[in-house]
file structure.cif (mmCIF, C-alpha atoms)
data_start
loop_
_atom_site.label_atom_id
_atom_site.label_comp_id
_atom_site.auth_asym_id
_atom_site.auth_seq_id
_atom_site.Cartn_x
_atom_site.Cartn_y
_atom_site.Cartn_z
CA MET A 1 122.14 36.63 91.89
CA ARG A 2 118.66 38.15 92.15
CA ALA A 3 117.67 41.76 92.71
CA ILE A 4 114.62 43.78 93.70
CA VAL A 5 114.66 47.22 92.08
CA LEU A 6 112.96 50.22 93.69
CA PRO A 7 112.79 53.16 91.25
CA VAL A 8 112.26 56.45 93.09
CA LYS A 9 111.66 59.89 91.59
CA SER A 10 113.43 62.97 92.92
CA LEU A 11 111.80 64.31 96.05
CA GLU A 12 110.79 67.57 94.41
CA LEU A 13 108.83 65.69 91.72
CA SER A 14 107.35 62.94 93.86
CA LYS A 15 103.63 62.38 94.37
CA THR A 16 102.43 65.55 92.66
CA ARG A 17 98.90 64.13 92.53
CA LEU A 18 98.79 64.65 96.30
CA ALA A 19 99.37 68.40 95.93
CA PRO A 20 95.76 69.21 96.96
CA VAL A 21 96.48 67.92 100.49
CA LEU A 22 100.29 67.94 100.88
CA ASP A 23 102.83 70.65 100.17
CA PRO A 24 106.18 69.80 98.51
CA LEU A 25 108.07 69.26 101.77
CA GLU A 26 105.30 67.03 103.10
CA ARG A 27 105.27 64.99 99.90
CA ALA A 28 109.04 64.56 100.22
CA ALA A 29 108.64 63.33 103.80
CA LEU A 30 105.92 60.93 102.66
CA THR A 31 108.10 59.58 99.83
CA LEU A 32 111.01 58.90 102.17
CA ALA A 33 108.75 57.23 104.73
CA MET A 34 107.22 54.96 102.07
CA LEU A 35 110.65 54.06 100.78
CA GLU A 36 111.81 53.07 104.25
CA ASP A 37 108.69 50.97 104.81
CA VAL A 38 109.34 49.11 101.57
CA LEU A 39 113.05 48.74 102.39
CA ASP A 40 112.03 47.18 105.71
CA VAL A 41 110.52 44.37 103.65
CA THR A 42 112.83 43.97 100.66
CA LEU A 43 115.98 43.91 102.75
CA THR A 44 114.66 40.86 104.62
CA MET A 45 114.20 38.77 101.47
CA PRO A 46 116.82 35.97 101.60
CA GLY A 47 118.77 35.56 98.39
CA TRP A 48 117.63 38.90 96.96
CA ASP A 49 119.60 42.13 96.78
CA THR A 50 117.80 45.47 96.94
CA TRP A 51 118.70 48.17 94.41
CA VAL A 52 117.39 51.72 94.59
CA VAL A 53 117.50 53.74 91.38
CA SER A 54 117.03 57.49 91.80
CA PRO A 55 118.46 60.84 90.72
CA ASP A 56 117.99 62.19 94.25
CA GLU A 57 121.00 62.11 96.58
CA ALA A 58 118.83 62.20 99.72
CA ILE A 59 117.01 59.07 98.57
CA LEU A 60 120.26 57.35 97.66
CA GLU A 61 121.85 58.26 100.99
CA VAL A 62 118.92 56.85 102.97
CA SER A 63 119.04 53.69 100.86
CA ARG A 64 122.80 53.25 101.30
CA ARG A 65 122.49 53.77 105.03
CA ARG A 66 119.87 51.03 105.16
CA GLY A 67 122.12 48.59 103.26
CA ALA A 68 120.65 48.75 99.75
CA ASP A 69 122.73 49.04 96.59
CA THR A 70 122.20 52.34 94.79
CA LEU A 71 122.21 53.37 91.15
CA VAL A 72 122.29 57.05 90.21
CA GLU A 73 119.55 57.51 87.64
CA THR A 74 121.13 58.84 84.46
CA GLU A 75 118.00 59.54 82.40
CA PRO A 76 114.63 60.77 83.69
CA SER A 77 111.47 58.65 83.56
CA LEU A 78 110.45 55.36 85.10
CA ASP A 79 111.09 53.47 81.88
CA GLU A 80 114.68 54.70 81.71
CA ALA A 81 115.31 53.89 85.37
CA ILE A 82 114.11 50.34 84.80
CA ARG A 83 116.20 49.97 81.64
CA GLN A 84 119.23 51.15 83.59
CA ALA A 85 118.56 48.48 86.22
CA GLU A 86 118.10 45.86 83.51
CA THR A 87 121.48 46.74 82.02
CA GLU A 88 123.04 46.49 85.47
CA ALA A 89 121.35 43.14 86.06
CA THR A 90 122.63 41.76 82.77
CA GLY A 91 126.13 42.95 83.57
CA ARG A 92 126.05 41.26 86.96
CA GLY A 93 124.62 38.04 85.56
CA ALA A 94 121.37 38.30 87.52
CA ASP A 95 119.03 35.38 86.90
CA ALA A 96 115.99 37.25 88.24
CA LEU A 97 114.97 40.90 88.43
CA ALA A 98 111.96 42.19 90.35
CA VAL A 99 110.69 45.75 89.99
CA LEU A 100 108.66 46.87 93.00
CA LEU A 101 107.15 50.35 92.99
CA PRO A 102 108.08 52.00 96.30
CA ASP A 103 104.72 53.68 96.95
CA THR A 104 103.42 50.41 98.41
CA PRO A 105 103.99 51.00 102.15
CA LEU A 106 101.56 48.29 103.30
CA VAL A 107 103.53 45.50 101.63
CA THR A 108 104.45 42.71 104.06
CA PRO A 109 107.29 40.20 104.06
CA ALA A 110 104.75 37.38 103.72
CA ALA A 111 103.04 38.89 100.66
CA LEU A 112 106.32 39.71 98.91
CA THR A 113 107.78 36.30 99.72
CA ARG A 114 104.75 34.55 98.23
CA ALA A 115 105.00 36.65 95.06
CA LEU A 116 108.74 36.12 94.64
CA HIS A 117 108.33 32.36 95.07
CA MET A 118 105.62 31.98 92.45
CA PRO A 119 106.93 29.77 89.64
CA GLY A 120 107.51 30.68 86.03
CA PRO A 121 109.43 33.28 84.02
CA VAL A 122 107.05 36.18 84.76
CA VAL A 123 105.15 37.20 87.89
CA VAL A 124 103.00 40.31 88.04
CA ALA A 125 101.14 41.90 90.96
CA PRO A 126 98.37 44.24 89.79
CA SER A 127 97.43 47.39 91.66
CA THR A 128 93.96 47.84 93.12
CA GLY A 129 91.53 47.89 90.23
CA ALA A 130 93.90 45.82 88.05
CA GLN A 131 95.04 48.77 85.96
CA GLY A 132 98.59 49.37 87.14
CA THR A 133 101.42 47.02 88.07
CA ASN A 134 103.06 47.25 91.48
CA LEU A 135 105.44 44.29 91.12
CA LEU A 136 106.98 42.69 88.04
CA VAL A 137 109.32 39.71 88.37
CA ARG A 138 111.20 38.37 85.34
CA ARG A 139 113.55 35.41 85.20
CA PRO A 140 115.76 36.79 83.69
CA SER A 141 114.89 40.41 82.90
CA THR A 142 115.51 39.82 79.19
CA VAL A 143 112.58 37.40 78.75
CA MET A 144 110.27 40.32 77.91
CA PRO A 145 110.27 44.12 78.21
CA ALA A 146 108.76 45.97 81.15
CA ARG A 147 105.62 47.92 80.30
CA PHE A 148 105.07 50.28 83.23
CA GLY A 149 102.86 53.33 82.82
CA PRO A 150 99.11 53.70 82.12
CA ASP A 151 97.23 50.39 81.93
CA SER A 152 100.47 48.53 82.64
CA TYR A 153 98.83 45.40 84.04
CA ARG A 154 97.03 44.67 80.78
CA ARG A 155 100.13 45.55 78.79
CA HIS A 156 102.29 43.18 80.85
CA LEU A 157 99.79 40.38 80.25
CA ALA A 158 99.87 41.18 76.53
CA ALA A 159 103.69 41.27 76.45
CA ALA A 160 103.88 37.85 78.11
CA ALA A 161 101.41 36.44 75.61
CA GLN A 162 103.35 37.97 72.70
CA HIS A 163 106.53 36.26 73.92
CA HIS A 164 104.66 32.98 74.59
CA LEU A 165 105.47 33.14 78.29
CA PRO A 166 103.31 31.79 81.11
CA ILE A 167 102.54 34.51 83.63
CA ALA A 168 101.70 34.13 87.32
CA VAL A 169 99.46 36.76 88.93
CA ALA A 170 100.14 37.65 92.57
CA GLU A 171 96.89 38.99 93.98
CA HIS A 172 97.64 40.19 97.49
CA PRO A 173 95.97 43.28 99.02
CA GLU A 174 99.26 44.31 100.60
CA LEU A 175 100.89 44.44 97.17
CA ALA A 176 97.86 45.88 95.38
CA PHE A 177 97.62 49.02 97.50
CA ASP A 178 99.63 52.02 96.38
CA VAL A 179 99.53 55.70 97.24
CA ASP A 180 98.33 57.63 94.26
CA ALA A 181 95.41 59.82 95.35
CA PRO A 182 94.32 61.74 98.47
CA SER A 183 91.83 58.98 99.30
CA ASP A 184 94.77 56.57 99.66
CA ILE A 185 96.05 58.71 102.51
CA LEU A 186 92.89 57.97 104.48
CA THR A 187 93.41 54.25 103.87
CA LEU A 188 96.92 54.52 105.30
CA LEU A 189 95.75 56.48 108.32
CA GLN A 190 93.07 53.89 109.07
CA SER A 191 95.31 50.89 108.52
CA PRO A 192 96.07 48.75 111.58
CA ARG A 193 99.52 48.01 110.16
CA PRO A 194 102.12 50.19 111.93
CA THR A 195 104.26 51.96 109.34
CA ARG A 196 106.59 54.93 109.17
CA THR A 197 104.26 56.32 106.52
CA ARG A 198 101.27 56.28 108.85
CA ASP A 199 103.33 57.90 111.60
CA VAL A 200 104.49 60.70 109.30
CA LEU A 201 100.96 61.41 108.12
CA ARG A 202 99.74 61.54 111.72
CA GLU A 203 102.59 63.85 112.72
CA LEU A 204 101.60 66.16 109.85
CA ARG A 205 97.95 66.03 111.00
CA VAL A 206 96.86 65.37 107.48
CA ASP A 207 93.64 63.71 108.64
CA GLU A 208 92.59 66.91 110.46
CA ARG A 209 93.21 69.00 107.37
CA MET A 210 91.36 66.60 105.11
CA SER A 211 88.42 66.54 107.52
CA ALA A 212 88.37 70.33 107.63
CA ARG A 213 88.43 70.50 103.83
CA ALA A 214 85.58 67.99 103.61
CA GLY A 215 83.59 69.94 106.17
CA GLY A 216 84.06 73.16 104.28
CA ALA A 217 83.17 71.65 100.93
#

call {"tool": "encode", "arguments": {"input": "structure.cif", "output": "structure tokens"}}
result
Amino acid sequence: MRAIVLPVKSLELSKTRLAPVLDPLERAALTLAMLEDVLDVTLTMPGWDTWVVSPDEAILEVSRRRGADTLVETEPSLDEAIRQAETEATGRGADALAVLLPDTPLVTPAALTRALHMPGPVVVAPSTGAQGTNLLVRRPSTVMPARFGPDSYRRHLAAAAQHHLPIAVAEHPELAFDVDAPSDILTLLQSPRPTRTRDVLRELRVDERMSARAGGA
């Protein structure tokens, strides 16, 4: 079996870098909308299960309702959530494990399909600017450790080299974009791709507030 893991923080801790433009409830709504946009894609991948790892019951409930498997995060931090998924994957005999960060609401089925079908033991999709990693595929997950966090793209390349593994790089704009800063909100609002995330941001009138802030600066 093969699984795509979506690690999601608790809603109260999600997207704190967006605090200058979104309050905690708005950030929670954004996080849930992004998760659902990503679930729209991962749940259509034939031959792949979707696992959501989170300490937040609201996130787990939404994920279960959509048909994803859920793992209650037992230790805080992204690294621990991924290790928990790796242990689960080993126990289930998974021959491939993909970690997709769920703040990538512009991901498309075509882009994810192309990345998942790239050959070799390791596939990595860098974020915009090639600093972070938005997708890591390992066949199996034990071939090398995950290295998420600051400068993770370079560290994943280095880990593959250290383990003498060929690595395929999936360079797709839909996978490279993630929501990390207020400027990313404007990108979402201007995107022609219809998403729940864009709808939520429009309902919150975030663009009006950001324009007002810019005008008053």

call {"tool": "closest_atom_pairs", "arguments": {"input": "structure.cif", "of": "region 163-198 of chain A", "to": "region 119-131 of chain A", "cutoff": "12 Å", "atoms": "only C-alpha atoms", "output": "Markdown table"}}
result
| residue | atom | partner | partner_atom | distance |
| --- | --- | --- | --- | --- |
| A:His163 | CA | A:Val122 | CA | 10.9 |
| A:His164 | CA | A:Pro121 | CA | 10.6 |
| A:Leu165 | CA | A:Pro121 | CA | 7.0 |
| A:Pro166 | CA | A:Gly120 | CA | 6.6 |
| A:Ile167 | CA | A:Val122 | CA | 4.9 |
| A:Ala168 | CA | A:Val123 | CA | 4.7 |
| A:Val169 | CA | A:Val124 | CA | 5.1 |
| A:Ala170 | CA | A:Ala125 | CA | 4.7 |
| A:Glu171 | CA | A:Ala125 | CA | 6.0 |
| A:His172 | CA | A:Ala125 | CA | 7.6 |
| A:Pro173 | CA | A:Thr128 | CA | 7.7 |
| A:Glu174 | CA | A:Ser127 | CA | 9.6 |
| A:Leu175 | CA | A:Ala125 | CA | 6.7 |
| A:Ala176 | CA | A:Ser127 | CA | 4.0 |
| A:Phe177 | CA | A:Thr128 | CA | 5.8 |
| A:Asp178 | CA | A:Ser127 | CA | 7.0 |
| A:Val179 | CA | A:Ser127 | CA | 10.2 |
| A:Asp180 | CA | A:Ser127 | CA | 10.6 |
| A:Asp184 | CA | A:Thr128 | CA | 10.9 |

call {"tool": "write_last_selection", "arguments": {"input": "structure.cif", "atoms": "C-alpha atoms", "output": "compact mmCIF listing (two decimals), in the frame of the given file"}}
result
# COMPACT_ATOMS: atom_id res chain seq x y z
CA HIS A 163 106.53 36.26 73.92
CA HIS A 164 104.66 32.98 74.59
CA LEU A 165 105.47 33.14 78.29
CA PRO A 166 103.31 31.79 81.11
CA ILE A 167 102.54 34.51 83.63
CA ALA A 168 101.70 34.13 87.32
CA VAL A 169 99.46 36.76 88.93
CA ALA A 170 100.14 37.65 92.57
CA GLU A 171 96.89 38.99 93.98
CA HIS A 172 97.64 40.19 97.49
CA PRO A 173 95.97 43.28 99.02
CA GLU A 174 99.26 44.31 100.60
CA LEU A 175 100.89 44.44 97.17
CA ALA A 176 97.86 45.88 95.38
CA PHE A 177 97.62 49.02 97.50
CA ASP A 178 99.63 52.02 96.38
CA VAL A 179 99.53 55.70 97.24
CA ASP A 180 98.33 57.63 94.26
CA ASP A 184 94.77 56.57 99.66

call {"tool": "atom_distance", "arguments": {"input": "structure.cif", "atom1": "CA of Asp79 (chain A)", "atom2": "CA of Val5 (chain A)"}}
result
12.5 Å

call {"tool": "resolve_selection", "arguments": {"input": "structure.cif", "expression": "the PyMOL selection byres ((chain A and resi 35-49) around 10)", "output": "JSON, numbers by chain"}}
result
{"A": [1, 2, 3, 4, 5, 6, 7, 8, 29, 30, 31, 32, 33, 34, 50, 51, 52, 59, 62, 63, 66, 67, 68, 69, 96, 97, 98, 100, 101, 102, 103, 104, 105, 106, 107, 108, 109, 110, 111, 112, 113, 116, 194, 195, 196, 197, 198]}

call {"tool": "atom_distance", "arguments": {"input": "structure.cif", "atom1": "CA of Lys9 (chain A)", "atom2": "CA of Pro55 (chain A)"}}
result
6.9 Å

call {"tool": "atom_distance", "arguments": {"input": "structure.cif", "atom1": "CA of Val53 (chain A)", "atom2": "CA of Ala181 (chain A)"}}
result
23.3 Å

call {"tool": "decode", "arguments": {"input": "structure.cif", "residues": "region 134-149 of chain A", "atoms": "N, CA, C and O atoms", "output": "tab-separated table (two decimals), in the first residue's frame"}}
result
chain	number	residue	atom	x	y	z
A	134	ASN	N	7.74	21.06	-0.16
A	134	ASN	CA	6.29	20.91	-0.03
A	134	ASN	C	5.83	19.47	-0.20
A	134	ASN	O	4.76	19.10	0.29
A	135	LEU	N	6.62	18.65	-0.88
A	135	LEU	CA	6.28	17.24	-1.07
A	135	LEU	C	7.56	16.42	-1.02
A	135	LEU	O	8.56	16.76	-1.65
A	136	LEU	N	7.51	15.35	-0.23
A	136	LEU	CA	8.62	14.39	-0.18
A	136	LEU	C	8.03	13.00	-0.34
A	136	LEU	O	7.15	12.60	0.43
A	137	VAL	N	8.49	12.27	-1.35
A	137	VAL	CA	8.05	10.90	-1.59
A	137	VAL	C	9.25	9.98	-1.38
A	137	VAL	O	10.33	10.22	-1.95
A	138	ARG	N	9.06	8.94	-0.57
A	138	ARG	CA	10.12	7.95	-0.36
A	138	ARG	C	9.55	6.55	-0.58
A	138	ARG	O	8.45	6.25	-0.15
A	139	ARG	N	10.35	5.73	-1.23
A	139	ARG	CA	9.93	4.36	-1.53
A	139	ARG	C	11.01	3.38	-1.05
A	139	ARG	O	11.99	3.16	-1.76
A	140	PRO	N	10.82	2.79	0.17
A	140	PRO	CA	9.84	3.10	1.21
A	140	PRO	C	10.33	4.27	2.08
A	140	PRO	O	11.40	4.83	1.80
A	141	SER	N	9.61	4.56	3.15
A	141	SER	CA	9.96	5.72	3.97
A	141	SER	C	11.27	5.53	4.71
A	141	SER	O	11.87	6.50	5.19
A	142	THR	N	11.75	4.30	4.81
A	142	THR	CA	12.98	4.02	5.55
A	142	THR	C	14.25	4.24	4.73
A	142	THR	O	15.35	4.10	5.26
A	143	VAL	N	14.13	4.62	3.44
A	143	VAL	CA	15.34	4.76	2.62
A	143	VAL	C	16.21	5.92	3.09
A	143	VAL	O	17.43	5.90	2.92
A	144	MET	N	15.58	6.94	3.68
A	144	MET	CA	16.33	8.07	4.24
A	144	MET	C	15.39	8.85	5.15
A	144	MET	O	14.17	8.78	5.01
A	145	PRO	N	15.94	9.60	6.11
A	145	PRO	CA	15.08	10.37	7.01
A	145	PRO	C	14.51	11.61	6.34
A	145	PRO	O	15.12	12.16	5.41
A	146	ALA	N	13.35	12.04	6.80
A	146	ALA	CA	12.79	13.32	6.37
A	146	ALA	C	13.55	14.44	7.05
A	146	ALA	O	14.00	14.30	8.19
A	147	ARG	N	13.68	15.56	6.36
A	147	ARG	CA	14.43	16.70	6.89
A	147	ARG	C	13.64	17.99	6.73
A	147	ARG	O	14.14	18.99	6.20
A	148	PHE	N	12.39	17.99	7.17
A	148	PHE	CA	11.58	19.19	7.07
A	148	PHE	C	12.06	20.24	8.07
A	148	PHE	O	12.72	19.93	9.06
A	149	GLY	N	11.69	21.50	7.80
A	149	GLY	CA	12.14	22.60	8.63
A	149	GLY	C	12.88	23.61	7.76
A	149	GLY	O	12.82	23.56	6.53
